[in-house]
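Engineer: Data file structure_27.cif (mmCIF, C-alpha atoms and all ligand atoms) is appended below.
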data_my_file
#
loop_
_atom_site.group_PDB
_atom_site.id
_atom_site.type_symbol
_atom_site.label_atom_id
_atom_site.label_comp_id
_atom_site.auth_asym_id
_atom_site.auth_seq_id
_atom_site.Cartn_x
_atom_site.Cartn_y
_atom_site.Cartn_z
ATOM 1 C CA MET T 1 101.454 118.487 87.776
ATOM 2 C CA ALA T 2 102.348 114.805 88.118
ATOM 3 C CA PRO T 3 101.708 113.443 91.592
ATOM 4 C CA LEU T 4 104.739 113.150 93.874
ATOM 5 C CA TYR T 5 105.386 109.920 95.770
ATOM 6 C CA ILE T 6 108.122 109.632 98.357
ATOM 7 C CA VAL T 7 108.996 106.312 100.034
ATOM 8 C CA MET T 8 110.597 106.572 103.483
ATOM 9 C CA LEU T 9 112.923 103.660 104.138
ATOM 10 C CA GLY T 10 114.663 102.734 107.367
ATOM 11 C CA PRO T 11 114.510 100.354 110.314
ATOM 12 C CA PRO T 12 111.842 100.565 113.025
ATOM 13 C CA GLY T 13 112.650 103.600 115.157
ATOM 14 C CA ALA T 14 114.718 105.388 112.495
ATOM 15 C CA GLY T 15 112.354 108.357 112.517
ATOM 16 C CA LYS T 16 110.257 107.617 109.424
ATOM 17 C CA GLY T 17 106.969 108.635 111.024
ATOM 18 C CA THR T 18 108.381 111.776 112.640
ATOM 19 C CA GLN T 19 109.925 112.926 109.373
ATOM 20 C CA ALA T 20 107.128 111.767 107.050
ATOM 21 C CA LYS T 21 104.684 113.976 108.962
ATOM 22 C CA LYS T 22 106.936 117.029 108.537
ATOM 23 C CA LEU T 23 107.605 116.366 104.848
ATOM 24 C CA ALA T 24 103.939 115.815 104.102
ATOM 25 C CA GLN T 25 103.048 119.068 105.825
ATOM 26 C CA THR T 26 105.753 121.087 104.069
ATOM 27 C CA LEU T 27 105.064 119.596 100.639
ATOM 28 C CA ASP T 28 101.273 119.555 101.058
ATOM 29 C CA LEU T 29 101.072 115.796 100.531
ATOM 30 C CA VAL T 30 99.237 113.088 102.439
ATOM 31 C CA HIS T 31 101.173 111.049 105.008
ATOM 32 C CA VAL T 32 100.303 107.388 104.482
ATOM 33 C CA SER T 33 101.577 105.147 107.287
ATOM 34 C CA THR T 34 100.591 101.486 107.045
ATOM 35 C CA GLY T 35 101.279 101.058 110.783
ATOM 36 C CA ASP T 36 98.833 103.915 111.546
ATOM 37 C CA LEU T 37 96.264 102.447 109.143
ATOM 38 C CA PHE T 38 96.468 99.040 110.837
ATOM 39 C CA ARG T 39 96.227 100.659 114.289
ATOM 40 C CA GLU T 40 93.142 102.594 113.118
ATOM 41 C CA HIS T 41 91.542 99.303 112.008
ATOM 42 C CA LEU T 42 92.441 97.795 115.363
ATOM 43 C CA LYS T 43 90.808 100.671 117.227
ATOM 44 C CA ASN T 44 87.667 100.326 115.106
ATOM 45 C CA GLU T 45 87.695 96.557 115.720
ATOM 46 C CA THR T 46 87.433 95.686 112.050
ATOM 47 C CA GLU T 47 88.206 92.222 110.714
ATOM 48 C CA LEU T 48 91.414 93.532 109.161
ATOM 49 C CA GLY T 49 92.367 95.102 112.498
ATOM 50 C CA GLN T 50 91.984 91.776 114.275
ATOM 51 C CA LEU T 51 94.025 89.966 111.664
ATOM 52 C CA ALA T 52 96.752 92.634 111.721
ATOM 53 C CA GLN T 53 96.957 92.613 115.511
ATOM 54 C CA SER T 54 97.988 88.956 115.632
ATOM 55 C CA TYR T 55 101.035 89.788 113.491
ATOM 56 C CA MET T 56 101.844 93.208 114.960
ATOM 57 C CA ASN T 57 101.964 91.941 118.546
ATOM 58 C CA LYS T 58 104.564 89.373 117.552
ATOM 59 C CA GLY T 59 106.564 91.910 115.548
ATOM 60 C CA GLU T 60 105.853 90.031 112.311
ATOM 61 C CA LEU T 61 104.735 91.567 109.039
ATOM 62 C CA VAL T 62 101.061 91.474 108.107
ATOM 63 C CA PRO T 63 100.684 89.340 104.937
ATOM 64 C CA ASP T 64 101.394 91.116 101.649
ATOM 65 C CA ASP T 65 97.981 90.555 100.030
ATOM 66 C CA VAL T 66 95.951 92.351 102.718
ATOM 67 C CA THR T 67 98.576 95.071 103.168
ATOM 68 C CA ILE T 68 98.741 95.789 99.448
ATOM 69 C CA LYS T 69 94.953 95.895 99.147
ATOM 70 C CA MET T 70 94.732 98.387 102.015
ATOM 71 C CA VAL T 71 97.376 100.667 100.461
ATOM 72 C CA GLU T 72 95.800 100.501 96.993
ATOM 73 C CA GLU T 73 92.518 101.605 98.497
ATOM 74 C CA ARG T 74 94.180 104.428 100.460
ATOM 75 C CA LEU T 75 96.221 105.810 97.556
ATOM 76 C CA SER T 76 93.185 105.728 95.268
ATOM 77 C CA ARG T 77 91.305 108.241 97.424
ATOM 78 C CA THR T 78 91.006 111.769 96.071
ATOM 79 C CA ASP T 79 93.063 113.340 98.868
ATOM 80 C CA CYS T 80 96.117 111.514 97.427
ATOM 81 C CA GLU T 81 95.747 113.120 93.988
ATOM 82 C CA LYS T 82 98.874 115.245 94.530
ATOM 83 C CA GLY T 83 100.815 112.263 95.866
ATOM 84 C CA ALA T 84 101.872 110.909 99.228
ATOM 85 C CA VAL T 85 104.704 110.363 101.649
ATOM 86 C CA LEU T 86 104.718 106.598 102.241
ATOM 87 C CA ASP T 87 105.907 105.525 105.664
ATOM 88 C CA GLY T 88 106.274 101.816 106.440
ATOM 89 C CA PHE T 89 105.346 100.704 102.927
ATOM 90 C CA PRO T 90 106.722 98.941 100.928
ATOM 91 C CA ARG T 91 108.324 96.558 103.415
ATOM 92 C CA THR T 92 108.873 93.569 101.088
ATOM 93 C CA PRO T 93 109.933 93.174 97.440
ATOM 94 C CA ALA T 94 106.382 92.035 96.565
ATOM 95 C CA GLN T 95 104.981 95.230 98.081
ATOM 96 C CA ALA T 96 107.494 97.319 96.106
ATOM 97 C CA GLU T 97 106.367 95.638 92.878
ATOM 98 C CA ALA T 98 102.716 96.183 93.717
ATOM 99 C CA LEU T 99 103.399 99.856 94.428
ATOM 100 C CA GLU T 100 105.174 100.314 91.101
ATOM 101 C CA ALA T 101 102.271 98.658 89.254
ATOM 102 C CA LEU T 102 99.735 100.843 91.055
ATOM 103 C CA LEU T 103 101.610 104.103 90.425
ATOM 104 C CA GLU T 104 101.965 103.179 86.759
ATOM 105 C CA LYS T 105 98.181 103.113 86.606
ATOM 106 C CA PHE T 106 98.249 106.694 87.927
ATOM 107 C CA ASP T 107 100.872 107.598 85.270
ATOM 108 C CA ALA T 108 103.330 108.267 88.077
ATOM 109 C CA GLY T 109 106.236 106.650 89.880
ATOM 110 C CA VAL T 110 108.286 106.876 93.053
ATOM 111 C CA LYS T 111 110.296 110.103 92.906
ATOM 112 C CA VAL T 112 112.808 109.588 95.696
ATOM 113 C CA VAL T 113 113.512 107.078 98.467
ATOM 114 C CA PRO T 114 115.196 108.619 101.495
ATOM 115 C CA TYR T 115 116.855 105.903 103.564
ATOM 116 C CA ILE T 116 117.166 107.046 107.166
ATOM 117 C CA LYS T 117 120.198 105.240 108.567
ATOM 118 C CA VAL T 118 120.410 104.576 112.308
ATOM 119 C CA PRO T 119 122.510 101.827 113.953
ATOM 120 C CA ASP T 120 120.623 98.974 115.669
ATOM 121 C CA GLU T 121 121.799 99.841 119.181
ATOM 122 C CA VAL T 122 120.115 103.263 118.968
ATOM 123 C CA LEU T 123 116.793 101.808 117.788
ATOM 124 C CA VAL T 124 115.902 99.966 120.998
ATOM 125 C CA GLU T 125 116.469 103.121 123.058
ATOM 126 C CA ARG T 126 114.397 105.184 120.622
ATOM 127 C CA LEU T 127 111.479 102.772 120.664
ATOM 128 C CA SER T 128 111.480 102.157 124.420
ATOM 129 C CA GLY T 129 111.070 105.912 124.893
ATOM 130 C CA ARG T 130 108.479 106.386 122.144
ATOM 131 C CA TRP T 131 105.179 107.886 123.297
ATOM 132 C CA MET T 132 102.308 107.913 120.797
ATOM 133 C CA SER T 133 99.083 109.856 120.560
ATOM 134 C CA THR T 134 95.982 108.027 119.350
ATOM 135 C CA SER T 135 96.050 110.216 116.226
ATOM 136 C CA GLY T 136 99.558 108.970 115.389
ATOM 137 C CA ARG T 137 101.704 111.887 116.605
ATOM 138 C CA VAL T 138 105.052 110.683 117.877
ATOM 139 C CA TYR T 139 107.012 111.880 120.911
ATOM 140 C CA HIS T 140 110.061 110.640 122.774
ATOM 141 C CA ALA T 141 110.433 110.744 126.559
ATOM 142 C CA GLN T 142 113.875 112.390 126.259
ATOM 143 C CA HIS T 143 114.515 113.418 122.646
ATOM 144 C CA ASN T 144 111.164 114.943 121.769
ATOM 145 C CA PRO T 145 109.111 115.270 124.960
ATOM 146 C CA PRO T 146 105.580 116.695 125.008
ATOM 147 C CA LYS T 147 105.061 119.944 126.959
ATOM 148 C CA VAL T 148 103.237 117.983 129.672
ATOM 149 C CA LYS T 149 104.310 114.388 130.394
ATOM 150 C CA TRP T 150 102.076 111.766 128.749
ATOM 151 C CA ILE T 151 99.791 114.439 127.200
ATOM 152 C CA ASP T 152 99.537 115.278 123.489
ATOM 153 C CA ASP T 153 100.580 118.913 122.811
ATOM 154 C CA LEU T 154 97.906 119.498 120.212
ATOM 155 C CA ASP T 155 94.710 117.918 121.503
ATOM 156 C CA GLY T 156 95.465 117.185 125.178
ATOM 157 C CA SER T 157 94.694 113.468 124.818
ATOM 158 C CA PRO T 158 96.713 110.910 126.820
ATOM 159 C CA LEU T 159 99.820 109.396 125.195
ATOM 160 C CA TYR T 160 100.567 105.662 125.253
ATOM 161 C CA GLN T 161 103.439 103.250 124.662
ATOM 162 C CA ARG T 162 102.999 100.724 121.879
ATOM 163 C CA GLU T 163 102.690 97.067 122.903
ATOM 164 C CA ASP T 164 105.236 96.170 120.200
ATOM 165 C CA ASP T 165 107.835 98.702 121.446
ATOM 166 C CA LYS T 166 108.960 96.327 124.232
ATOM 167 C CA PRO T 167 112.695 95.549 123.819
ATOM 168 C CA GLU T 168 112.089 91.811 123.024
ATOM 169 C CA THR T 169 109.596 92.630 120.267
ATOM 170 C CA VAL T 170 111.766 95.469 118.967
ATOM 171 C CA ARG T 171 114.701 93.095 118.580
ATOM 172 C CA HIS T 172 112.533 90.725 116.568
ATOM 173 C CA ARG T 173 111.199 93.601 114.436
ATOM 174 C CA ILE T 174 114.778 94.578 113.627
ATOM 175 C CA GLU T 175 115.463 90.978 112.493
ATOM 176 C CA VAL T 176 112.333 90.991 110.346
ATOM 177 C CA TYR T 177 113.425 94.334 108.881
ATOM 178 C CA THR T 178 116.899 92.985 108.079
ATOM 179 C CA GLU T 179 115.507 89.876 106.383
ATOM 180 C CA GLN T 180 112.486 91.207 104.536
ATOM 181 C CA THR T 181 112.793 94.984 104.132
ATOM 182 C CA ALA T 182 116.526 95.722 103.894
ATOM 183 C CA PRO T 183 116.698 94.150 100.387
ATOM 184 C CA LEU T 184 114.678 97.173 99.218
ATOM 185 C CA ILE T 185 117.718 99.381 99.875
ATOM 186 C CA ASP T 186 119.522 97.789 96.938
ATOM 187 C CA HIS T 187 116.353 97.635 94.882
ATOM 188 C CA TYR T 188 115.909 101.415 95.062
ATOM 189 C CA ARG T 189 119.646 102.100 94.837
ATOM 190 C CA GLN T 190 119.718 100.251 91.522
ATOM 191 C CA LYS T 191 116.846 102.383 90.297
ATOM 192 C CA GLY T 192 118.839 105.491 91.222
ATOM 193 C CA LEU T 193 116.193 106.641 93.703
ATOM 194 C CA LEU T 194 117.931 106.020 97.025
ATOM 195 C CA VAL T 195 119.313 108.919 99.093
ATOM 196 C CA GLU T 196 121.031 108.029 102.372
ATOM 197 C CA VAL T 197 120.388 110.343 105.295
ATOM 198 C CA ASP T 198 122.151 110.205 108.676
ATOM 199 C CA GLY T 199 119.289 109.534 111.088
ATOM 200 C CA THR T 200 121.391 109.910 114.235
ATOM 201 C CA GLN T 201 121.340 113.700 113.902
ATOM 202 C CA ALA T 202 118.828 115.867 115.755
ATOM 203 C CA ILE T 203 115.293 115.731 114.335
ATOM 204 C CA GLU T 204 115.547 119.186 112.676
ATOM 205 C CA ALA T 205 118.878 118.361 110.981
ATOM 206 C CA VAL T 206 117.409 115.144 109.556
ATOM 207 C CA THR T 207 114.443 117.132 108.213
ATOM 208 C CA GLU T 208 116.819 119.572 106.475
ATOM 209 C CA ASP T 209 118.714 116.729 104.790
ATOM 210 C CA LEU T 210 115.459 115.138 103.695
ATOM 211 C CA MET T 211 114.134 118.383 102.209
ATOM 212 C CA LYS T 212 117.383 118.753 100.280
ATOM 213 C CA ALA T 213 117.056 115.183 98.988
ATOM 214 C CA VAL T 214 113.509 115.873 97.775
ATOM 215 C CA GLU T 215 114.417 119.193 96.159
ATOM 216 C CA GLU T 216 117.370 117.655 94.314
ATOM 217 C CA ALA T 217 115.422 114.587 93.142
HETATM 218 P P1 LIG C 301 109.762 105.041 112.842
HETATM 219 O O1 LIG C 301 108.476 105.560 112.241
HETATM 220 O O2 LIG C 301 110.859 104.928 111.829
HETATM 221 O O3 LIG C 301 109.568 103.782 113.611
HETATM 222 P P2 LIG C 301 109.523 107.295 114.714
HETATM 223 O O4 LIG C 301 109.388 108.497 113.874
HETATM 224 O O5 LIG C 301 108.288 106.770 115.346
HETATM 225 O O6 LIG C 301 110.272 106.119 113.878
HETATM 226 O O7 LIG C 301 110.627 107.577 115.826
HETATM 227 C C1 LIG C 301 110.962 106.609 116.822
HETATM 228 C C2 LIG C 301 111.222 107.305 118.153
HETATM 229 O O8 LIG C 301 112.461 108.045 118.050
HETATM 230 C C3 LIG C 301 110.171 108.323 118.547
HETATM 231 O O9 LIG C 301 110.048 108.307 119.950
HETATM 232 C C4 LIG C 301 110.730 109.661 118.063
HETATM 233 O O10 LIG C 301 110.283 110.757 118.850
HETATM 234 C C5 LIG C 301 112.239 109.453 118.248
HETATM 235 N N1 LIG C 301 113.044 110.131 117.206
HETATM 236 C C6 LIG C 301 112.759 110.302 115.898
HETATM 237 N N2 LIG C 301 113.756 110.932 115.249
HETATM 238 C C7 LIG C 301 114.717 111.162 116.184
HETATM 239 C C8 LIG C 301 116.020 111.792 116.144
HETATM 240 N N3 LIG C 301 116.518 112.303 115.006
HETATM 241 N N4 LIG C 301 116.731 111.847 117.291
HETATM 242 C C9 LIG C 301 116.217 111.317 118.449
HETATM 243 N N5 LIG C 301 115.015 110.721 118.541
HETATM 244 C C10 LIG C 301 114.264 110.644 117.439
HETATM 245 P P1 LIG C 302 107.624 101.307 112.996
HETATM 246 O O1 LIG C 302 107.129 102.679 113.299
HETATM 247 O O2 LIG C 302 108.364 100.715 114.117
HETATM 248 O O3 LIG C 302 108.415 101.223 111.719
HETATM 249 P P2 LIG C 302 104.982 100.642 112.022
HETATM 250 O O4 LIG C 302 104.045 101.463 112.814
HETATM 251 O O5 LIG C 302 105.329 101.115 110.664
HETATM 252 O O6 LIG C 302 106.320 100.387 112.863
HETATM 253 O O7 LIG C 302 104.440 99.163 111.890
HETATM 254 C C1 LIG C 302 103.977 98.458 113.016
HETATM 255 C C2 LIG C 302 103.602 97.034 112.597
HETATM 256 O O8 LIG C 302 102.563 97.068 111.612
HETATM 257 C C3 LIG C 302 104.730 96.241 111.928
HETATM 258 O O9 LIG C 302 105.589 95.621 112.871
HETATM 259 C C4 LIG C 302 103.911 95.216 111.127
HETATM 260 O O10 LIG C 302 103.385 94.202 111.955
HETATM 261 C C5 LIG C 302 102.739 96.064 110.644
HETATM 262 N N1 LIG C 302 103.036 96.698 109.347
HETATM 263 C C6 LIG C 302 103.183 98.020 109.096
HETATM 264 N N2 LIG C 302 103.452 98.240 107.792
HETATM 265 C C7 LIG C 302 103.474 97.022 107.206
HETATM 266 C C8 LIG C 302 103.720 96.569 105.874
HETATM 267 N N3 LIG C 302 104.004 97.425 104.886
HETATM 268 N N4 LIG C 302 103.699 95.236 105.637
HETATM 269 C C9 LIG C 302 103.405 94.365 106.614
HETATM 270 N N5 LIG C 302 103.171 94.713 107.873
HETATM 271 C C10 LIG C 302 103.215 96.031 108.187
#
Before anything else, please render the file you have as structure tokens.
Ligand code: ADP
Ligand code: ADP
Structural biologist:
Amino acid sequence: MAPLYIVMLGPPGAGKGTQAKKLAQTLDLVHVSTGDLFREHLKNETELGQLAQSYMNKGELVPDDVTIKMVEERLSRTDCEKGAVLDGFPRTPAQAEALEALLEKFDAGVKVVPYIKVPDEVLVERLSGRWMSTSGRVYHAQHNPPKVKWIDDLDGSPLYQREDDKPETVRHRIEVYTEQTAPLIDHYRQKGLLVEVDGTQAIEAVTEDLMKAVEEA
């Protein structure tokens, strides 16, 4: 069977990570989050991690060339043979082109692009309450709390708040999204791949809509 690639689109805090994890699990695909990959590099103190950190802390995008190289390497690994749910990539038109070129090499293409729509005023609240586990699981202080405050349900490790989830940085990330990533909405709409999903619903309702979008694609 041809590999299946899904691109999750939406502003920071829309719920891409939360939903990408569920979709990947249900569809038996790999969840590829560029944010998680950069954070992993940061934790391992690699050169790429150090470079990425200087951009991430300011809420800017990491340059296309290094980001694209990292994703090409990740998608070329054997665990991605069946495809992947891409979360946080592509974020610029150049990244979208690079992805298309890469998938062509695999004789595949993007199957569907769910666009999780959430108004800006909700995003700041979502991100200020976001609690992360070091393995990338996502909680929310009110909307999706762990069983024990600040503790990961699955492995008991402590949760943390991301440096870049401070309201000032979030506002800048939303601007960067509007300028550099939002043009991809039209790009994928023109290709007939875009499916809009109301991201203000409860997490489970969003998942249902997304599963429908994938099944109908
Ligand atoms: P993104 O990857 O798009 O930045 P996340 O999946 O990390 O978004 O979600 C951002 C925050 O909002 C997290 O704290 C998450 O628990 C919470 N969240 C995600 N989806 C919903 C939802 N449908 N309703 C309320 N909160 C949500
Ligand atoms: P969010 O969950 O809020 O959407 P991510 O975890 O996806 O945020 O990304 C965090 C940061 O990592 C971004 O603000 C940016 O600095 C960097 N980053 C992630 N993906 C990309 C990408 N595709 N291109 C450039 N920078 C990226």
Engineer: For the structure shown, which residues end up in the PyMOL selection byres (((chain T and resi 211) around 10) and not hetatm)? Put them as a compact mmCIF listing (two decimals) with C-alpha atoms, keeping the file's coordinate frame, please?
Structural biologist:
# COMPACT_ATOMS: atom_id res chain seq x y z
CA GLN T 19 109.92 112.93 109.37
CA LYS T 22 106.94 117.03 108.54
CA LEU T 23 107.60 116.37 104.85
CA THR T 26 105.75 121.09 104.07
CA LEU T 27 105.06 119.60 100.64
CA PRO T 114 115.20 108.62 101.50
CA ALA T 205 118.88 118.36 110.98
CA VAL T 206 117.41 115.14 109.56
CA THR T 207 114.44 117.13 108.21
CA GLU T 208 116.82 119.57 106.48
CA ASP T 209 118.71 116.73 104.79
CA LEU T 210 115.46 115.14 103.70
CA LYS T 212 117.38 118.75 100.28
CA ALA T 213 117.06 115.18 98.99
CA VAL T 214 113.51 115.87 97.78
CA GLU T 215 114.42 119.19 96.16
CA GLU T 216 117.37 117.66 94.31
CA ALA T 217 115.42 114.59 93.14
Engineer: When you draw a straight line from CA of Ala52 (chain T) to atom C5 of ligand LIG 301 (chain C), how long is it in Å?
Structural biologist: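 It comes out at 23.8 Å.
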Engineer: Distance CA of Tyr55 (chain T)-CA of Gly35 (chain T), one decimal place?
Structural biologist: 11.6 Å
Engineer: Counting all atoms listed in the file, which of T:Lys105, T:Lys43, T:Arg77, T:Arg130 gets nearest to Thr18 (chain T)?
Structural biologist: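 Counting all atoms listed in the file, the residue closest to Thr18 (chain T) is T:Arg130.
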Engineer: Which residue gives the smallest distance to Ile116 (chain T) among T:Gln201, T:Gln142, T:Gln25, T:Gln95, with all atoms listed in the file counted?
Structural biologist: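 With all atoms listed in the file as the atom set, the closest residue is T:Gln201.
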